[in-house]
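Everything on this sheet refers to the single structure shown next.
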Amino acid sequence: MIFHGAVPESKLNGGSRMSGKSPNIKIKTKNLNLHYGTFHALGDVTMDIKERSITAIIGPSGCGKSTLLRVFNRMNDLIPSCRITGDVLLDGDSVYDKSTDVVELRKKVGMVFQKPNIFPMSIYDNIAIGPRRHGISRKSRLNEIVERSLTRVALWDEMKDSLNRPGLELPAGAQQRLCIARAVAVEPDVILMDESCSALDPESTMKVEELMLSLAEKYTIIIVTHNMEQARRVSDMSAFMMLNENRVGSLHEYGPTIELFTNPQSKVTEDYITGRFG
Amino acid sequence: MKFIAILLLAVLLCSCGPGTRSAVVVAGSTSVQPYAEVLAEEYAKRYPGRDVDIQGGGSSAGIRAAQSGTADIGMSSRGLSGDELQMWSAEIARDGLAMIVHPNNALDSLTPEEVRAVYTGRVTNWGELGGPEGRIHVITREEGSGTRGAFEDMLMEGQMITLKAIVQNTNGSVRQLVSNDASSIGFISLGLVDDTVKALQLDGVEATGENVTNGSYMLFRPFIFVSEGEPDGSVMQFIEFTMSPEGQAILAGEGLVSSGEVARR
Amino acid sequence: MKNGFKDKLSERVFLALALSSISAIALITVFIVIQGAPIIGKVGLRDFIFGMTWAPSQGKFGIFPMIIGSLSVTLGAVVLGVPVGICGAVFLAEFAPAAVRNLFRPAIQLLAGIPSVVYGFWGLIFIVPFIRDNLGGPGLSILAGSIVLAIMILPTIITISEVQILALPRQYKEGALALGMTHWQAIYSVQLPAAKSGIVAAVVLGIGRAMGETMAVIMVLGNAPGIPTSILDPVRTLTTNIGIEMGYAAGDHRQALFATGIVLFVIIMILNITAQFITRKK
């Protein structure tokens with residue numbers, strides 16, 4: 001595993017975001033191993049993810065990128081055979097500790113999926129459903145949240161008059177942004193994005209990327225992407241994963257995006273990011 | 001294939017052959033019908049080749065059929081009246097009805113008027129009949145049933161059975177319900193009364209076969225065979241079988257009571 | 001050439017078989033209408049449907065009490081059976097460990113295969129005395145019928161609803177959980193609404209079964225052709241009206257039973273059309 005020493009300046013007015021101090025570590029993994037039954041999916045992943053930045057996880061298909069992402073909000077819990085060892089810390093607290101409330105964890109760590117998974121209900125309800133389930137029932141408060149969340153994903157002006165329309169009627173790009181708004185409505189600290197642009201057209205992709213950059217002012221964002229250009233455009237840090245000699249998904253090279261893309265330390269990384277395999 | 005062909009041929013030969021005898025046709029009351037069918041079945045077993053064809057249609061239709069000669073024997077489950085009395089007739093049996101209640105019911109006897117009041121829905125509480133307070137669960141048979149018809153003919157005097165009454169479509173289920181429900185009352189064929197239920201006295205007369213035969217228990221109807229003129233030949237043979245101790249035993253086995261009378265003109 | 005001929009032949013055969021089944025249904029319909037229509041003409045549609053008195057021996061043919069009976073018993077079955085059925089489906093689809101699921105699924109299928117007369121008998125032996133002893137009345141009642149029918153429609157509702165829930169894209173559940181919902185919240189606020197049309201279809205099928213059931217309810221309803229005033233009253237449904245009186249009915253009475261069949265037929269048609277409309281509208 002190769003680590004780059006320098007901490008990069010953020011792409012977007014990074015100075016003010018980090019307020020001069022060295023950035024805080026939001027998520028930390030140490031010797032993380034994950035098995036599905038007898039299948040060893042992730043091996044010894046050790047990485048620090050900085051607060052209010054965008055971290056891109058890249059690498060060839062089947063190397064465990066999505067699995068790693070789903071470690072952070074414990075979405076892998078849904079698979080009964082999944083077993084995890086090692087440390088995963090969010091704000092210094094163990095994510096996999098027995099005392100950790102998964103529901104609370106997922107409120108803090110939101111997720112946007114590969115395909116827009118709008119619920120079969122109105123635009124308004126899609127956004128309000130999270131806060132509602134978390135105990136907010138006052139109409140005015142919900143209205144406020146819906147407006148704020150949609151504003152944040154730049155959909156408010158477009159949708160304020162059609163909040164009661166079914167969300168599924170929207171085009172895919174708008175659906176994905178709605179999914180982001182839905183995640184934002186719960187006010188998480190971290191947003192995980194699992195190849196969230198792969199189903200979108202270039203124009204929608206651009207909008208979502210802009211959105212990522214603006215959201216990074218407030219949230220810690222971790223994306224999985226197959227798109228090298230996207231990783232280069234939006235991320236502060238890049239983590240290159242691939243199967244190691246034992247065919248176990250592992251972190252191969254991790255560092256500031258600029259360095260990883262301009263000066264990869266490993267030949268394999270270079271080959272991958274220049275499109276020679278993958 | 002070959003087998004079927006032979007079978008067809010055999011049927012053809014039988015039906016057209018010189019040995020053809022037309023079956024005795026018996027038609028009329030649907031109440032008598034099931035008993036007549038049992039008789040006919042046993043009769044055919046005893047005397048192979050003598051066929052009796054039983055049809056329904058109702059008492060009046062059966063009597064008319066006998067008058068017109070469409071049927072050899074008419075079956076009636078009501079007494080004869082008017083010109084019907086001119087016909088040759090035989091009371092083959094009596095069908096007694098018993099009013100039944102739960103064995104624990106405090107009452108032993110009701111008058112016909114009281115039964116009528118219960119079945120029209122005018123009286124709905126056992127208290128009004130001298131028993132302990134409690135709603136009466138009235139059970140009746142379905143429309144079209146011969147037993148219900150008999151009950152209506154003999155007791156209801158043209159009044160309607162309450163629509164609130166529980167309806168069951170077999171004697172057995174009426175008895176079953178009454179044996180389980182302490183507040184219920186029902187009626188079934190006398191021959192089907194057993195110790196799971198209590199048969200009420202009517203006007204103080206016990207519901208027994210003897211009392212039906214001697215006429216002191218009023219809740220019965222006659223089952224009558226009628227014929228236009230003195231029957232003879234195969235028709236008379238069937239009637240004689242019916243009236244024989246053997247035939248009477250069959251009817252008693254099915255729950256009917258002997259009429260204690262013999263064939264009369 | 002030869003294959004083409006074979007294809008054509010099998011196509012014809014299937015067409016013929018399909019047509020024969022359709023024509024069988026058409027024939028039954030025509031037969032029922034021919035048998036039942038005259039009495040409706042004689043009594044008048046209004047008086048037949050809204051008439052309060054059923055007394056064929058006195059020439060009174062009003063089936064309104066039976067319509068009320070069918071509706072009340074079916075409603076009762078839905079109120080009792082649907083929540084239990086949906087919960088059962090959710091349990092099997094979402095909570096049950098594989099071992100439990102493998103035990104329950106065939107058990108539920110078996111439940112669907114039990115003849116209805118057995119349900120009726122069970123109701124008569126257990127439910128009816130229980131109601132009579134604990135709630136009063138004769139026991140034979142709307143409530144008894146509703147309980148028996150609720151159990152009878154359970155397999156339909158559980159099986160279809162479970163399939164619907166399992167068929168949902170995984171993303172719905174994951175999306176809901178990712179928002180920090182509990183498993184239960186994900187089920188009732190996202191998964192069940194998403195499976196709604198299928199569950200509605202299951203409920204309508206259940207209603208159809210409840211409406212059409214005869215044998216089981218004949219034994220536990222009491223079959224009184226009066227308007228019920230409480231759920232502990234005996235009642236007669238359209239189906240049991242036919243079932244209980246068909247044996248000895250003749251003439252107008254017989255026609256009136258066929259006419260009852262026509263009304264039942266129309267009600268079930270309306271139900272199915274409504275169901276299709278609901279599922280399509282979604």
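Lettering and numbering for the structure tokens are positional, with chains as A, B, ... in the shown order, residues counted from 1 in each chain, and ligands counted from 1 in the shown order.
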
Self-check item: Shell around Gln168 of chain B at 12 Å using only C-alpha atoms, local window under 3 positions removed, as number ranges by chain
Solution: B: 138-145, 147-148, 165, 171-178, 186-188; C: 140, 217-225, 234-236, 240-241, 243-245

Quiz item: Could you list, as a PyMOL selection string, every residue of chain A that has an atom within 9 Å of an atom of chain C, counting only C-alpha atoms?
Solution: chain A and resi 73+75+78+102-113+115-121+129-131+133-134+179+182-183+186

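The environment of Leu166 of chain C within 10 Å, counting only C-alpha atoms and disregarding residues fewer than 2 places along the same chain, consists of C:Ala89, C:Val90, C:Leu92, C:Ala93, C:Glu94, C:Ile160, C:Ser161, C:Glu162, C:Val163, C:Gln164, C:Leu168, C:Pro169, C:Arg170, C:Gln191, C:Ala195.
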
Go ahead and write the selection's residues with N, CA and C atoms as an mmCIF file, in the first residue's frame.
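File result08.cif, as written:
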```cif
data_model
loop_
_atom_site.group_PDB
_atom_site.id
_atom_site.type_symbol
_atom_site.label_atom_id
_atom_site.label_comp_id
_atom_site.auth_asym_id
_atom_site.auth_seq_id
_atom_site.Cartn_x
_atom_site.Cartn_y
_atom_site.Cartn_z
ATOM 1 N N ALA C 89 -47.261 -11.962 5.667
ATOM 2 C CA ALA C 89 -46.424 -11.832 4.478
ATOM 3 C C ALA C 89 -45.149 -11.064 4.809
ATOM 4 N N VAL C 90 -45.286 -9.995 5.582
ATOM 5 C CA VAL C 90 -44.115 -9.195 5.968
ATOM 6 C C VAL C 90 -43.168 -10.048 6.798
ATOM 7 N N LEU C 92 -42.821 -13.300 6.761
ATOM 8 C CA LEU C 92 -42.138 -14.301 5.934
ATOM 9 C C LEU C 92 -41.101 -13.655 5.021
ATOM 10 N N ALA C 93 -41.452 -12.492 4.475
ATOM 11 C CA ALA C 93 -40.552 -11.879 3.495
ATOM 12 C C ALA C 93 -39.372 -11.187 4.167
ATOM 13 N N GLU C 94 -39.569 -10.667 5.380
ATOM 14 C CA GLU C 94 -38.564 -9.779 5.944
ATOM 15 C C GLU C 94 -37.907 -10.279 7.231
ATOM 16 N N ILE C 160 -49.654 -14.046 -2.041
ATOM 17 C CA ILE C 160 -49.488 -13.011 -3.072
ATOM 18 C C ILE C 160 -48.734 -11.802 -2.510
ATOM 19 N N SER C 161 -49.078 -11.385 -1.283
ATOM 20 C CA SER C 161 -48.404 -10.219 -0.715
ATOM 21 C C SER C 161 -46.916 -10.503 -0.527
ATOM 22 N N GLU C 162 -46.604 -11.705 -0.089
ATOM 23 C CA GLU C 162 -45.185 -12.018 0.130
ATOM 24 C C GLU C 162 -44.417 -11.934 -1.185
ATOM 25 N N VAL C 163 -45.016 -12.503 -2.227
ATOM 26 C CA VAL C 163 -44.363 -12.442 -3.537
ATOM 27 C C VAL C 163 -44.149 -10.979 -3.953
ATOM 28 N N GLN C 164 -45.167 -10.171 -3.689
ATOM 29 C CA GLN C 164 -45.058 -8.753 -4.067
ATOM 30 C C GLN C 164 -43.924 -8.075 -3.304
ATOM 31 N N LEU C 168 -40.010 -6.575 -4.848
ATOM 32 C CA LEU C 168 -39.617 -5.161 -4.859
ATOM 33 C C LEU C 168 -38.116 -5.052 -5.115
ATOM 34 N N PRO C 169 -37.718 -4.027 -5.878
ATOM 35 C CA PRO C 169 -36.286 -3.826 -6.051
ATOM 36 C C PRO C 169 -35.636 -3.622 -4.684
ATOM 37 N N ARG C 170 -34.439 -4.191 -4.532
ATOM 38 C CA ARG C 170 -33.725 -4.114 -3.260
ATOM 39 C C ARG C 170 -33.466 -2.661 -2.870
ATOM 40 N N GLN C 191 -41.635 -0.014 1.789
ATOM 41 C CA GLN C 191 -41.843 -1.274 1.078
ATOM 42 C C GLN C 191 -43.327 -1.591 0.868
ATOM 43 N N ALA C 195 -45.403 -1.874 -2.610
ATOM 44 C CA ALA C 195 -46.038 -3.131 -3.032
ATOM 45 C C ALA C 195 -47.561 -3.017 -3.034
#
```

Quiz item: Taking only C-alpha atoms into account, which residues of chain B are within 9 Å of chain C, as a list in words?
Solution: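 My answer is Thr30, Gly57, Arg135, Ile136, His137, Ile139, Glu142, Glu143, Gly144, Ser145, Gly146, Gly149, Met160, Ile161, Thr162, Leu163, Lys164, Ala165, Ile166, Val167, Gln168, Asn169, Ser173, Asn180, Asp181, Ser183 and Ser184 of chain B.
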
Quiz item: Out of segment 8-243 of chain A, which residues get strand (DSSP E) from DSSP, as a PyMOL selection string?
Solution: chain A and resi 25-36+39-50+54-58+82-90+93-94+109-112+190-194+220-224+237-243

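Counting from atom CA of Ile57 of chain A, the distance to atom CA of Thr151 of chain A is 27.7 Å.
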
Contacts of Ser238 of chain A at 8 Å or less, counting only C-alpha atoms, minus same-chain residues fewer than 4 places along, as a JSON list (two decimals) with C-alpha atoms, in the first residue's frame?
```json
[["chain", "number", "residue", "atom", "x", "y", "z"],
["A", 55, "THR", "CA", -12.73, 11.08, -1.39],
["A", 56, "ALA", "CA", -12.96, 8.98, -4.54],
["A", 57, "ILE", "CA", -12.58, 5.23, -4.43],
["A", 58, "ILE", "CA", -11.47, 3.97, -7.82],
["A", 231, "ALA", "CA", -12.53, 11.32, -9.84],
["A", 254, "TYR", "CA", -4.06, 6.35, -1.57],
["A", 255, "GLY", "CA", -3.28, 10.02, -1.71],
["A", 256, "PRO", "CA", -4.28, 13.45, -2.90],
["A", 257, "THR", "CA", -6.01, 13.17, -6.25],
["A", 260, "LEU", "CA", -2.19, 10.16, -7.63]]
```

Quiz prompt | Atom pair atom CA of Leu192 of chain A / atom CA of Val224 of chain A: separation (Å) | solution =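 These atoms are spaced 8.2 Å apart.
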
Quiz prompt | Spatial neighbours of segment 95-98 of chain A, 10 Å, only C-alpha atoms, chain gap at least 2 places, as a PyMOL selection string | solution = chain A and resi 27-29+71-74+84-93+100-102+105

Could you turn the residues from that selection into a file that holds C-alpha atoms, as a compact mmCIF listing (two decimals), in the first residue's frame?
```txt
# COMPACT_ATOMS: atom_id res chain seq x y z
CA ILE A 27 -13.54 8.26 9.23
CA LYS A 28 -10.66 5.99 10.03
CA THR A 29 -10.25 2.35 9.17
CA VAL A 71 -18.81 -0.63 5.44
CA PHE A 72 -19.16 3.01 6.44
CA ASN A 73 -22.94 2.93 6.92
CA ARG A 74 -23.05 -0.77 7.74
CA ILE A 84 -15.91 -7.78 9.64
CA THR A 85 -12.72 -7.50 11.66
CA GLY A 86 -10.48 -4.52 12.31
CA ASP A 87 -11.43 -0.98 13.24
CA VAL A 88 -13.80 1.44 11.57
CA LEU A 89 -14.11 4.71 13.42
CA LEU A 90 -16.48 7.57 12.77
CA ASP A 91 -15.50 10.67 14.73
CA GLY A 92 -13.38 8.37 16.85
CA ASP A 93 -16.27 6.05 17.73
CA THR A 100 -23.43 1.46 18.20
CA ASP A 101 -26.97 2.21 17.10
CA VAL A 102 -27.07 1.38 13.39
CA LEU A 105 -25.13 5.74 12.37
```

Self-check item: Between atom CA of Ile157 of chain C and atom CA of Val263 of chain C, distance in Å (one decimal)
Solution: 25.4 Å

Self-check item: Close residues, Ala106 of chain B itself excluded, 12 Å, only C-alpha atoms, min 4 positions apart in chain, as a ChimeraX atom specification
Solution: /B:101-102,110,126-127,129-134,182-183,198,200

Quiz item: Which one is closest to Ile114 of chain C: C:Pro155, C:Gly85, C:Gly145, C:Gly76? Count only C-alpha atoms.
Solution: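 Comparing C:Pro155, C:Gly85, C:Gly145, C:Gly76 against Ile114 of chain C, the winner is C:Pro155.
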
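Comparing the minimum interatomic distances between Gly255 of chain B and each of B:Pro222, B:Gly191, B:Gly204, B:Gly233, counting only C-alpha atoms, we find that B:Gly191 sits nearest.
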